[in-house]
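Undergrad: Quick one, start.tsv (TSV, N, CA and C atoms):
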```tsv
chain	number	residue	atom	x	y	z
Q	12	GLN	N	-20.95	-3.90	0.37
Q	12	GLN	CA	-20.19	-2.70	0.05
Q	12	GLN	C	-18.70	-2.96	0.30
Q	13	VAL	N	-17.90	-2.68	-0.72
Q	13	VAL	CA	-16.46	-2.89	-0.62
Q	13	VAL	C	-15.83	-1.69	0.06
Q	14	GLN	N	-14.99	-1.98	1.05
Q	14	GLN	CA	-14.27	-0.91	1.73
Q	14	GLN	C	-12.81	-1.30	1.91
Q	15	LEU	N	-11.94	-0.35	1.59
Q	15	LEU	CA	-10.52	-0.46	1.87
Q	15	LEU	C	-10.17	0.76	2.71
Q	16	VAL	N	-9.77	0.52	3.94
Q	16	VAL	CA	-9.54	1.63	4.87
Q	16	VAL	C	-8.08	1.62	5.31
Q	17	GLU	N	-7.35	2.64	4.86
Q	17	GLU	CA	-5.94	2.77	5.20
Q	17	GLU	C	-5.78	3.49	6.54
Q	18	SER	N	-4.71	3.18	7.22
Q	18	SER	CA	-4.34	3.87	8.46
Q	18	SER	C	-2.85	3.78	8.64
Q	19	GLY	N	-2.33	4.60	9.55
Q	19	GLY	CA	-0.92	4.52	9.89
Q	19	GLY	C	-0.05	5.62	9.30
Q	20	GLY	N	-0.62	6.46	8.46
Q	20	GLY	CA	0.16	7.55	7.91
Q	20	GLY	C	0.47	8.62	8.96
Q	21	GLY	N	1.32	9.56	8.59
Q	21	GLY	CA	1.65	10.62	9.51
Q	21	GLY	C	2.92	11.34	9.11
Q	22	LEU	N	3.46	12.08	10.05
Q	22	LEU	CA	4.68	12.85	9.85
Q	22	LEU	C	5.83	12.15	10.56
Q	23	VAL	N	6.93	11.97	9.84
Q	23	VAL	CA	8.10	11.30	10.41
Q	23	VAL	C	9.36	11.97	9.88
Q	24	GLN	N	10.41	11.93	10.65
Q	24	GLN	CA	11.68	12.49	10.19
Q	24	GLN	C	12.38	11.52	9.24
Q	25	ALA	N	13.21	12.05	8.39
Q	25	ALA	CA	13.99	11.22	7.49
Q	25	ALA	C	14.79	10.19	8.28
Q	26	GLY	N	14.80	8.97	7.77
Q	26	GLY	CA	15.45	7.87	8.46
Q	26	GLY	C	14.53	7.08	9.37
Q	27	GLY	N	13.34	7.60	9.59
Q	27	GLY	CA	12.39	6.94	10.47
Q	27	GLY	C	11.57	5.88	9.76
Q	28	SER	N	10.61	5.35	10.50
Q	28	SER	CA	9.79	4.25	10.00
Q	28	SER	C	8.31	4.52	10.25
Q	29	LEU	N	7.49	3.96	9.38
Q	29	LEU	CA	6.05	3.95	9.56
Q	29	LEU	C	5.52	2.62	9.06
Q	30	ARG	N	4.38	2.21	9.62
Q	30	ARG	CA	3.71	1.01	9.15
Q	30	ARG	C	2.29	1.37	8.76
Q	31	LEU	N	1.98	1.19	7.50
Q	31	LEU	CA	0.63	1.42	7.00
Q	31	LEU	C	-0.17	0.12	7.05
Q	32	SER	N	-1.45	0.27	7.32
Q	32	SER	CA	-2.37	-0.87	7.31
Q	32	SER	C	-3.54	-0.55	6.39
Q	33	CYS	N	-4.10	-1.59	5.81
Q	33	CYS	CA	-5.29	-1.43	4.98
Q	33	CYS	C	-6.24	-2.57	5.32
Q	34	ALA	N	-7.34	-2.23	5.96
Q	34	ALA	CA	-8.35	-3.21	6.33
Q	34	ALA	C	-9.39	-3.30	5.22
Q	35	VAL	N	-9.66	-4.51	4.78
Q	35	VAL	CA	-10.52	-4.74	3.62
Q	35	VAL	C	-11.78	-5.48	4.03
Q	36	SER	N	-12.91	-5.05	3.48
Q	36	SER	CA	-14.17	-5.74	3.72
Q	36	SER	C	-15.01	-5.69	2.44
Q	37	GLY	N	-15.95	-6.63	2.34
Q	37	GLY	CA	-16.86	-6.64	1.21
Q	37	GLY	C	-16.40	-7.45	0.01
Q	38	ILE	N	-15.18	-8.00	0.06
Q	38	ILE	CA	-14.68	-8.88	-1.00
Q	38	ILE	C	-14.02	-10.08	-0.35
Q	39	ILE	N	-13.79	-11.11	-1.15
Q	39	ILE	CA	-13.07	-12.28	-0.63
Q	39	ILE	C	-11.59	-11.95	-0.70
Q	40	PHE	N	-11.05	-11.54	0.43
Q	40	PHE	CA	-9.70	-11.00	0.49
Q	40	PHE	C	-8.68	-11.96	-0.12
Q	41	GLY	N	-8.81	-13.23	0.17
Q	41	GLY	CA	-7.82	-14.20	-0.28
Q	41	GLY	C	-7.76	-14.37	-1.78
Q	42	PHE	N	-8.76	-13.93	-2.50
Q	42	PHE	CA	-8.79	-14.05	-3.96
Q	42	PHE	C	-8.14	-12.87	-4.66
Q	43	ASN	N	-7.78	-11.86	-3.88
Q	43	ASN	CA	-7.31	-10.61	-4.46
Q	43	ASN	C	-5.82	-10.40	-4.28
Q	44	ALA	N	-5.19	-9.92	-5.34
Q	44	ALA	CA	-3.85	-9.36	-5.20
Q	44	ALA	C	-4.00	-8.00	-4.56
Q	45	MET	N	-3.07	-7.67	-3.68
Q	45	MET	CA	-3.11	-6.39	-2.98
Q	45	MET	C	-1.88	-5.57	-3.34
Q	46	ALA	N	-2.05	-4.26	-3.30
Q	46	ALA	CA	-0.94	-3.39	-3.67
Q	46	ALA	C	-1.03	-2.07	-2.92
Q	47	TRP	N	0.10	-1.43	-2.83
Q	47	TRP	CA	0.18	-0.05	-2.36
Q	47	TRP	C	0.70	0.81	-3.51
Q	48	TYR	N	0.03	1.93	-3.71
Q	48	TYR	CA	0.46	2.94	-4.65
Q	48	TYR	C	0.67	4.23	-3.88
Q	49	ARG	N	1.35	5.16	-4.52
Q	49	ARG	CA	1.49	6.48	-3.90
Q	49	ARG	C	1.44	7.57	-4.97
Q	50	GLN	N	1.04	8.73	-4.53
Q	50	GLN	CA	0.98	9.88	-5.44
Q	50	GLN	C	1.45	11.12	-4.70
Q	51	ALA	N	2.53	11.68	-5.21
Q	51	ALA	CA	3.07	12.92	-4.67
Q	51	ALA	C	2.45	14.10	-5.43
Q	52	PRO	N	2.45	15.28	-4.82
Q	52	PRO	CA	1.85	16.45	-5.49
Q	52	PRO	C	2.50	16.69	-6.85
Q	53	GLY	N	1.68	16.85	-7.85
Q	53	GLY	CA	2.17	17.13	-9.19
Q	53	GLY	C	2.75	15.95	-9.93
Q	54	LYS	N	2.65	14.78	-9.36
Q	54	LYS	CA	3.21	13.59	-10.00
Q	54	LYS	C	2.13	12.54	-10.23
Q	55	GLN	N	2.44	11.61	-11.12
Q	55	GLN	CA	1.50	10.52	-11.39
Q	55	GLN	C	1.53	9.50	-10.25
Q	56	ARG	N	0.44	8.79	-10.13
Q	56	ARG	CA	0.40	7.71	-9.14
Q	56	ARG	C	1.37	6.62	-9.56
Q	57	GLU	N	2.16	6.12	-8.62
Q	57	GLU	CA	3.13	5.09	-8.94
Q	57	GLU	C	2.95	3.88	-8.03
Q	58	LEU	N	3.32	2.73	-8.58
Q	58	LEU	CA	3.23	1.49	-7.83
Q	58	LEU	C	4.37	1.42	-6.82
Q	59	VAL	N	4.03	1.10	-5.58
Q	59	VAL	CA	5.04	0.95	-4.53
Q	59	VAL	C	5.37	-0.52	-4.32
Q	60	ALA	N	4.35	-1.34	-4.12
Q	60	ALA	CA	4.58	-2.76	-3.83
Q	60	ALA	C	3.31	-3.55	-4.07
Q	61	THR	N	3.49	-4.82	-4.42
Q	61	THR	CA	2.36	-5.71	-4.61
Q	61	THR	C	2.59	-7.02	-3.88
Q	62	VAL	N	1.49	-7.67	-3.52
Q	62	VAL	CA	1.56	-9.02	-2.97
Q	62	VAL	C	0.39	-9.81	-3.55
Q	63	THR	N	0.69	-10.94	-4.14
Q	63	THR	CA	-0.35	-11.75	-4.76
Q	63	THR	C	-1.13	-12.53	-3.70
Q	64	SER	N	-2.18	-13.19	-4.14
Q	64	SER	CA	-2.95	-14.03	-3.22
Q	64	SER	C	-2.09	-15.16	-2.66
Q	65	GLY	N	-1.08	-15.54	-3.42
Q	65	GLY	CA	-0.17	-16.60	-2.96
Q	65	GLY	C	0.99	-16.12	-2.13
Q	66	GLY	N	1.10	-14.79	-1.98
Q	66	GLY	CA	2.15	-14.25	-1.13
Q	66	GLY	C	3.40	-13.77	-1.85
Q	67	SER	N	3.42	-13.85	-3.17
Q	67	SER	CA	4.58	-13.34	-3.90
Q	67	SER	C	4.56	-11.81	-3.91
Q	68	THR	N	5.74	-11.23	-3.75
Q	68	THR	CA	5.83	-9.77	-3.63
Q	68	THR	C	6.67	-9.17	-4.74
Q	69	ASN	N	6.41	-7.89	-4.98
Q	69	ASN	CA	7.17	-7.14	-5.97
Q	69	ASN	C	7.22	-5.69	-5.50
Q	70	TYR	N	8.32	-5.00	-5.82
Q	70	TYR	CA	8.52	-3.65	-5.31
Q	70	TYR	C	8.96	-2.70	-6.42
Q	71	GLY	N	8.59	-1.45	-6.26
Q	71	GLY	CA	9.12	-0.43	-7.13
Q	71	GLY	C	10.59	-0.22	-6.83
Q	72	ASP	N	11.35	0.18	-7.83
Q	72	ASP	CA	12.80	0.31	-7.67
Q	72	ASP	C	13.17	1.29	-6.56
Q	73	SER	N	12.39	2.33	-6.38
Q	73	SER	CA	12.74	3.37	-5.42
Q	73	SER	C	12.56	2.93	-3.96
Q	74	VAL	N	11.88	1.83	-3.73
Q	74	VAL	CA	11.62	1.40	-2.35
Q	74	VAL	C	12.23	0.04	-2.02
Q	75	LYS	N	12.83	-0.60	-3.00
Q	75	LYS	CA	13.42	-1.92	-2.76
Q	75	LYS	C	14.45	-1.85	-1.64
Q	76	GLY	N	14.35	-2.82	-0.74
Q	76	GLY	CA	15.29	-2.88	0.38
Q	76	GLY	C	14.90	-2.02	1.56
Q	77	ARG	N	13.89	-1.15	1.39
Q	77	ARG	CA	13.46	-0.29	2.48
Q	77	ARG	C	12.03	-0.59	2.93
Q	78	PHE	N	11.17	-0.96	1.98
Q	78	PHE	CA	9.77	-1.22	2.28
Q	78	PHE	C	9.48	-2.71	2.19
Q	79	THR	N	8.52	-3.15	3.00
Q	79	THR	CA	8.08	-4.55	2.98
Q	79	THR	C	6.56	-4.61	2.99
Q	80	ILE	N	6.00	-5.28	2.00
Q	80	ILE	CA	4.56	-5.49	1.96
Q	80	ILE	C	4.25	-6.88	2.51
Q	81	SER	N	3.15	-6.99	3.23
Q	81	SER	CA	2.73	-8.29	3.76
Q	81	SER	C	1.21	-8.30	3.87
Q	82	ARG	N	0.66	-9.49	4.00
Q	82	ARG	CA	-0.78	-9.61	4.13
Q	82	ARG	C	-1.13	-10.64	5.19
Q	83	ASP	N	-2.24	-10.39	5.87
Q	83	ASP	CA	-2.75	-11.33	6.86
Q	83	ASP	C	-4.16	-11.71	6.40
Q	84	ASN	N	-4.29	-12.86	5.78
Q	84	ASN	CA	-5.58	-13.26	5.23
Q	84	ASN	C	-6.62	-13.51	6.32
Q	85	ALA	N	-6.18	-13.85	7.52
Q	85	ALA	CA	-7.12	-14.07	8.61
Q	85	ALA	C	-7.75	-12.76	9.08
Q	86	LYS	N	-7.01	-11.67	8.89
Q	86	LYS	CA	-7.50	-10.36	9.34
Q	86	LYS	C	-7.96	-9.48	8.18
Q	87	ASN	N	-7.89	-10.03	6.96
Q	87	ASN	CA	-8.27	-9.24	5.77
Q	87	ASN	C	-7.54	-7.90	5.73
Q	88	THR	N	-6.26	-7.95	5.99
Q	88	THR	CA	-5.47	-6.73	6.10
Q	88	THR	C	-4.15	-6.88	5.35
Q	89	VAL	N	-3.75	-5.80	4.71
Q	89	VAL	CA	-2.44	-5.74	4.06
Q	89	VAL	C	-1.65	-4.61	4.73
Q	90	TYR	N	-0.35	-4.82	4.83
Q	90	TYR	CA	0.52	-3.89	5.53
Q	90	TYR	C	1.63	-3.40	4.61
Q	91	LEU	N	2.16	-2.23	4.95
Q	91	LEU	CA	3.36	-1.74	4.29
Q	91	LEU	C	4.28	-1.20	5.37
Q	92	GLN	N	5.34	-1.93	5.63
Q	92	GLN	CA	6.36	-1.49	6.57
Q	92	GLN	C	7.37	-0.64	5.81
Q	93	MET	N	7.52	0.61	6.24
Q	93	MET	CA	8.40	1.54	5.54
Q	93	MET	C	9.52	1.95	6.48
Q	94	ASN	N	10.74	1.60	6.11
Q	94	ASN	CA	11.92	1.94	6.89
Q	94	ASN	C	12.83	2.87	6.11
Q	95	SER	N	13.74	3.50	6.81
Q	95	SER	CA	14.71	4.41	6.19
Q	95	SER	C	14.00	5.40	5.28
Q	96	LEU	N	12.98	6.01	5.79
Q	96	LEU	CA	12.17	6.92	4.97
Q	96	LEU	C	12.96	8.14	4.53
Q	97	LYS	N	12.65	8.60	3.33
Q	97	LYS	CA	13.31	9.75	2.73
Q	97	LYS	C	12.26	10.82	2.43
Q	98	PRO	N	12.66	12.07	2.35
Q	98	PRO	CA	11.69	13.13	2.00
Q	98	PRO	C	10.96	12.84	0.69
Q	99	GLU	N	11.62	12.18	-0.26
Q	99	GLU	CA	10.97	11.87	-1.53
Q	99	GLU	C	9.92	10.77	-1.41
Q	100	ASP	N	9.80	10.16	-0.24
Q	100	ASP	CA	8.71	9.20	-0.01
Q	100	ASP	C	7.41	9.91	0.37
Q	101	THR	N	7.47	11.21	0.56
Q	101	THR	CA	6.27	11.98	0.90
Q	101	THR	C	5.24	11.87	-0.21
Q	102	ALA	N	4.03	11.43	0.16
Q	102	ALA	CA	2.97	11.21	-0.81
Q	102	ALA	C	1.71	10.76	-0.08
Q	103	VAL	N	0.63	10.72	-0.82
Q	103	VAL	CA	-0.57	10.02	-0.33
Q	103	VAL	C	-0.44	8.57	-0.77
Q	104	TYR	N	-0.59	7.66	0.16
Q	104	TYR	CA	-0.45	6.24	-0.11
Q	104	TYR	C	-1.84	5.60	-0.19
Q	105	TYR	N	-2.04	4.84	-1.27
Q	105	TYR	CA	-3.33	4.23	-1.53
Q	105	TYR	C	-3.23	2.71	-1.53
Q	106	CYS	N	-4.20	2.09	-0.92
Q	106	CYS	CA	-4.34	0.63	-0.94
Q	106	CYS	C	-5.18	0.23	-2.15
Q	107	ASN	N	-4.81	-0.87	-2.77
Q	107	ASN	CA	-5.49	-1.34	-3.98
Q	107	ASN	C	-5.73	-2.84	-3.88
Q	108	ALA	N	-6.93	-3.25	-4.28
Q	108	ALA	CA	-7.25	-4.68	-4.35
Q	108	ALA	C	-7.64	-5.01	-5.79
Q	109	HIS	N	-7.13	-6.11	-6.29
Q	109	HIS	CA	-7.42	-6.50	-7.67
Q	109	HIS	C	-7.68	-7.99	-7.74
Q	110	ASN	N	-8.84	-8.35	-8.29
Q	110	ASN	CA	-9.17	-9.76	-8.50
Q	110	ASN	C	-8.83	-10.11	-9.95
Q	111	PRO	N	-7.79	-10.90	-10.18
Q	111	PRO	CA	-7.35	-11.18	-11.55
Q	111	PRO	C	-8.33	-12.02	-12.36
Q	112	LEU	N	-9.20	-12.75	-11.68
Q	112	LEU	CA	-10.17	-13.58	-12.41
Q	112	LEU	C	-11.38	-12.75	-12.85
Q	113	LEU	N	-11.86	-11.89	-11.98
Q	113	LEU	CA	-13.03	-11.08	-12.29
Q	113	LEU	C	-12.68	-9.74	-12.93
Q	114	GLY	N	-11.44	-9.32	-12.74
Q	114	GLY	CA	-11.02	-8.04	-13.29
Q	114	GLY	C	-11.45	-6.84	-12.46
Q	115	ASN	N	-11.97	-7.08	-11.27
Q	115	ASN	CA	-12.42	-5.97	-10.42
Q	115	ASN	C	-11.23	-5.35	-9.69
Q	116	THR	N	-11.28	-4.04	-9.56
Q	116	THR	CA	-10.24	-3.29	-8.85
Q	116	THR	C	-10.90	-2.29	-7.92
Q	117	TYR	N	-10.35	-2.20	-6.71
Q	117	TYR	CA	-10.90	-1.29	-5.70
Q	117	TYR	C	-9.77	-0.49	-5.08
Q	118	TRP	N	-10.10	0.73	-4.65
Q	118	TRP	CA	-9.13	1.64	-4.05
Q	118	TRP	C	-9.60	2.12	-2.68
Q	119	GLY	N	-8.63	2.36	-1.80
Q	119	GLY	CA	-8.90	3.03	-0.56
Q	119	GLY	C	-8.89	4.54	-0.76
Q	120	GLN	N	-9.13	5.26	0.32
Q	120	GLN	CA	-9.23	6.71	0.23
Q	120	GLN	C	-7.88	7.40	0.34
Q	121	GLY	N	-6.87	6.67	0.76
Q	121	GLY	CA	-5.52	7.21	0.85
Q	121	GLY	C	-5.17	7.68	2.26
Q	122	THR	N	-3.89	7.62	2.57
Q	122	THR	CA	-3.37	8.12	3.84
Q	122	THR	C	-2.09	8.90	3.56
Q	123	GLN	N	-1.97	10.05	4.18
Q	123	GLN	CA	-0.83	10.94	3.92
Q	123	GLN	C	0.39	10.50	4.70
Q	124	VAL	N	1.50	10.42	4.00
Q	124	VAL	CA	2.81	10.19	4.63
Q	124	VAL	C	3.69	11.38	4.29
Q	125	THR	N	4.22	12.02	5.32
Q	125	THR	CA	5.09	13.17	5.14
Q	125	THR	C	6.41	12.90	5.86
Q	126	VAL	N	7.50	12.99	5.10
Q	126	VAL	CA	8.83	12.76	5.65
Q	126	VAL	C	9.58	14.08	5.63
Q	127	SER	N	9.97	14.54	6.79
Q	127	SER	CA	10.69	15.81	6.89
Q	127	SER	C	12.19	15.57	6.87
Q	128	SER	N	12.90	16.53	6.32
Q	128	SER	CA	14.37	16.39	6.20
Q	128	SER	C	15.07	16.95	7.43
```
Could you take the file, read its structure, and then write that structure out as structure tokens?

TA:
Amino acid sequence: QVQLVESGGGLVQAGGSLRLSCAVSGIIFGFNAMAWYRQAPGKQRELVATVTSGGSTNYGDSVKGRFTISRDNAKNTVYLQMNSLKPEDTAVYYCNAHNPLLGNTYWGQGTQVTVSS
């Protein structure tokens, strides 16, 4: 059974920081590209950051320079370090795993991040 379990969300003031974690089980973690997405109320889900199996990263324009994605293959975990948070970062953040060879994609249940002004 594939599981992606996010943690680390919460309420923070603008300018603060949070670190999200996503623990993965049931798949070969090292074969998967990992990503964080977010969805704010009334808006479409958007890509926040990605990290390939080789460690290459990519970021959405709205978070560049503030967020950092990383992965620990020994712990089957992907992280999202979020600094200089803004109220517009408020959303449910979802962890995503994608195997480019098999085409399989998996999602976590999401974790709420709320940034107060």

Undergrad: Which one is closest to Trp47 of chain Q: Q:Ala85, Q:Gly121, Q:Asn115, Q:Asp100? Count only C-alpha atoms.

TA: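 When distances to Trp47 of chain Q are compared using only C-alpha atoms, the smallest one comes from Q:Gly121.
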
Undergrad: Write out as a list in words which residues come within 8 Å of Gln24 of chain Q when counting all atoms listed in the file, dropping same-chain ones fewer than 3 positions away.

TA: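 Once the nearby chain positions are removed, what remains is Gly21, Gly27, Ser28, Ser95, Leu96, Lys97, Pro98, Thr125, Val126, Ser127 and Ser128 of chain Q.
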
Undergrad: Mind checking DSSP for segment 17-128 of chain Q and telling me the strand (DSSP E or B) residues as number ranges by chain?

TA: Q: 17-18, 21-24, 29-36, 44-50, 57-62, 68-70, 78-83, 88-93, 102-109, 116-118, 122-127

Undergrad: In segment 14-127 of chain Q, what's helix (DSSP H, G or I) per DSSP? Answer as a PyMOL selection string?

TA: chain Q and resi 40-42+98-100

Undergrad: Find the residue from Q:Gln14, Q:Asn110, Q:Ser32, Q:Thr79 that sits nearest to Ala60 of chain Q; use only N, CA and C atoms when measuring.

TA: Q:Thr79

Undergrad: As an exercise, work out the distance from atom CA of Thr68 of chain Q to atom CA of Gln50 of chain Q in Å and give it to one decimal place.

TA: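 Computing it gives 20.3 Å between the two atoms.
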
Undergrad: Kindly indicate which residue among Q:Leu113, Q:Thr63, Q:Val103, Q:Arg77 lies nearest to Gly26 of chain Q, using only C-alpha atoms for the distances.

TA: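 Comparing Q:Leu113, Q:Thr63, Q:Val103, Q:Arg77 against Gly26 of chain Q, the winner is Q:Arg77.
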
Undergrad: Given the point (-0.9, -14.8, -3.3) in the file's coordinates, find the residues that have an atom at most 8 Å from it, counting all atoms listed in the file, and give them as a ChimeraX atom specification.

TA: /Q:41-45,62-68

Undergrad: Determine, counting all atoms listed in the file, which protein, DNA and RNA residues have an atom within 8 Å of an atom of Lys86 of chain Q; residues of the same chain fewer than 2 positions away are not included. Present the result as a tab-separated table (two decimals) with N, CA and C atoms, in the frame of the given file.

TA:
```tsv
chain	number	residue	atom	x	y	z
Q	33	CYS	N	-4.10	-1.59	5.81
Q	33	CYS	CA	-5.29	-1.43	4.98
Q	33	CYS	C	-6.24	-2.57	5.32
Q	34	ALA	N	-7.34	-2.23	5.96
Q	34	ALA	CA	-8.35	-3.21	6.33
Q	34	ALA	C	-9.39	-3.30	5.22
Q	35	VAL	N	-9.66	-4.51	4.78
Q	35	VAL	CA	-10.52	-4.74	3.62
Q	35	VAL	C	-11.78	-5.48	4.03
Q	82	ARG	N	0.66	-9.49	4.00
Q	82	ARG	CA	-0.78	-9.61	4.13
Q	82	ARG	C	-1.13	-10.64	5.19
Q	83	ASP	N	-2.24	-10.39	5.87
Q	83	ASP	CA	-2.75	-11.33	6.86
Q	83	ASP	C	-4.16	-11.71	6.40
Q	84	ASN	N	-4.29	-12.86	5.78
Q	84	ASN	CA	-5.58	-13.26	5.23
Q	84	ASN	C	-6.62	-13.51	6.32
Q	88	THR	N	-6.26	-7.95	5.99
Q	88	THR	CA	-5.47	-6.73	6.10
Q	88	THR	C	-4.15	-6.88	5.35
Q	89	VAL	N	-3.75	-5.80	4.71
Q	89	VAL	CA	-2.44	-5.74	4.06
Q	89	VAL	C	-1.65	-4.61	4.73
```

Undergrad: Quick check, in Å to one decimal: how far apart do atom N of Asn87 of chain Q and atom N of Ala108 of chain Q lie?

TA: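 Computing the Euclidean distance for atom N of Asn87 of chain Q and atom N of Ala108 of chain Q yields 13.2 Å.
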
Undergrad: Which is closer to Arg30 of chain Q than all the others in Q:Ala102, Q:Leu91, Q:Ala51, Q:Leu15, using all atoms listed in the file?

TA: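 Among Q:Ala102, Q:Leu91, Q:Ala51, Q:Leu15, it is Q:Leu91 that comes nearest to Arg30 of chain Q.
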
Undergrad: By how many Å are atom N of Gln92 of chain Q and atom N of Val16 of chain Q apart?

TA: 15.4 Å

Undergrad: Pick from Q:Val124, Q:Leu31, Q:Cys106, Q:Ala46: nearest to Tyr90 of chain Q, with only C-alpha atoms counted?

TA: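 Among Q:Val124, Q:Leu31, Q:Cys106, Q:Ala46, it is Q:Leu31 that comes nearest to Tyr90 of chain Q.
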
Undergrad: Need to verify the contact set: Gly37 of chain Q, 7 Å, all atoms listed in the file, exclusion of same-chain residues closer than 3 positions in sequence. Can you return it as an MDAnalysis selection string?

TA: chainID Q and resid 12:14 40

Undergrad: Write out as number ranges by chain the residues lying within 8 Å of Gln123 of chain Q, counting only N, CA and C atoms and excluding same-chain residues fewer than 4 positions away.

TA: Q: 17-22, 101-105

Undergrad: May I have the residues within 6 Å of Tyr70 of chain Q as a PyMOL selection string, using all atoms listed in the file and disregarding those fewer than 4 positions away in the same chain?

TA: chain Q and resi 59-61+75

Undergrad: Which one of Q:Ile38, Q:Gly71, Q:Leu112, Q:Asn94 sits closest to Val23 of chain Q if you count only C-alpha atoms?

TA: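 Smallest distance to Val23 of chain Q is found for Q:Asn94.
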
Undergrad: For segment 51-57 of chain Q of the structure just presented, write all heavy atoms to a file, as a compact mmCIF listing (two decimals), in the first residue's frame.

TA:
```txt
# COMPACT_ATOMS: atom_id res chain seq x y z
N ALA Q 51 -5.23 26.76 -2.74
CA ALA Q 51 -5.91 27.73 -1.89
C ALA Q 51 -7.41 27.67 -2.16
O ALA Q 51 -7.84 27.23 -3.24
CB ALA Q 51 -5.36 29.12 -2.16
N PRO Q 52 -8.22 28.11 -1.20
CA PRO Q 52 -9.68 28.07 -1.40
C PRO Q 52 -10.09 28.80 -2.67
O PRO Q 52 -9.66 29.94 -2.91
CB PRO Q 52 -10.21 28.78 -0.16
CG PRO Q 52 -9.17 28.57 0.87
CD PRO Q 52 -7.86 28.61 0.13
N GLY Q 53 -10.88 28.15 -3.49
CA GLY Q 53 -11.37 28.76 -4.70
C GLY Q 53 -10.38 28.84 -5.85
O GLY Q 53 -10.68 29.44 -6.89
N LYS Q 54 -9.22 28.26 -5.67
CA LYS Q 54 -8.20 28.31 -6.71
C LYS Q 54 -7.80 26.91 -7.15
O LYS Q 54 -8.04 25.92 -6.45
CB LYS Q 54 -6.96 29.07 -6.21
CG LYS Q 54 -7.22 30.53 -5.91
CD LYS Q 54 -5.92 31.25 -5.60
CE LYS Q 54 -6.17 32.73 -5.37
NZ LYS Q 54 -4.89 33.46 -5.08
N GLN Q 55 -7.17 26.85 -8.32
CA GLN Q 55 -6.70 25.57 -8.81
C GLN Q 55 -5.43 25.14 -8.07
O GLN Q 55 -4.69 25.98 -7.55
CB GLN Q 55 -6.41 25.67 -10.32
CG GLN Q 55 -7.66 25.79 -11.18
CD GLN Q 55 -7.35 25.68 -12.66
OE1 GLN Q 55 -6.25 26.01 -13.11
NE2 GLN Q 55 -8.32 25.22 -13.45
N ARG Q 56 -5.20 23.85 -8.07
CA ARG Q 56 -3.97 23.35 -7.48
C ARG Q 56 -2.79 23.81 -8.32
O ARG Q 56 -2.84 23.73 -9.55
CB ARG Q 56 -4.02 21.82 -7.39
CG ARG Q 56 -2.91 21.20 -6.58
CD ARG Q 56 -3.14 19.71 -6.36
NE ARG Q 56 -4.34 19.46 -5.57
CZ ARG Q 56 -4.64 18.26 -5.07
NH1 ARG Q 56 -3.85 17.21 -5.30
NH2 ARG Q 56 -5.74 18.11 -4.37
N GLU Q 57 -1.74 24.29 -7.68
CA GLU Q 57 -0.58 24.78 -8.41
C GLU Q 57 0.69 24.10 -7.92
O GLU Q 57 0.81 23.70 -6.75
CB GLU Q 57 -0.43 26.30 -8.26
CG GLU Q 57 -0.10 26.78 -6.86
CD GLU Q 57 0.29 28.25 -6.81
OE1 GLU Q 57 0.71 28.81 -7.83
OE2 GLU Q 57 0.19 28.82 -5.70
```
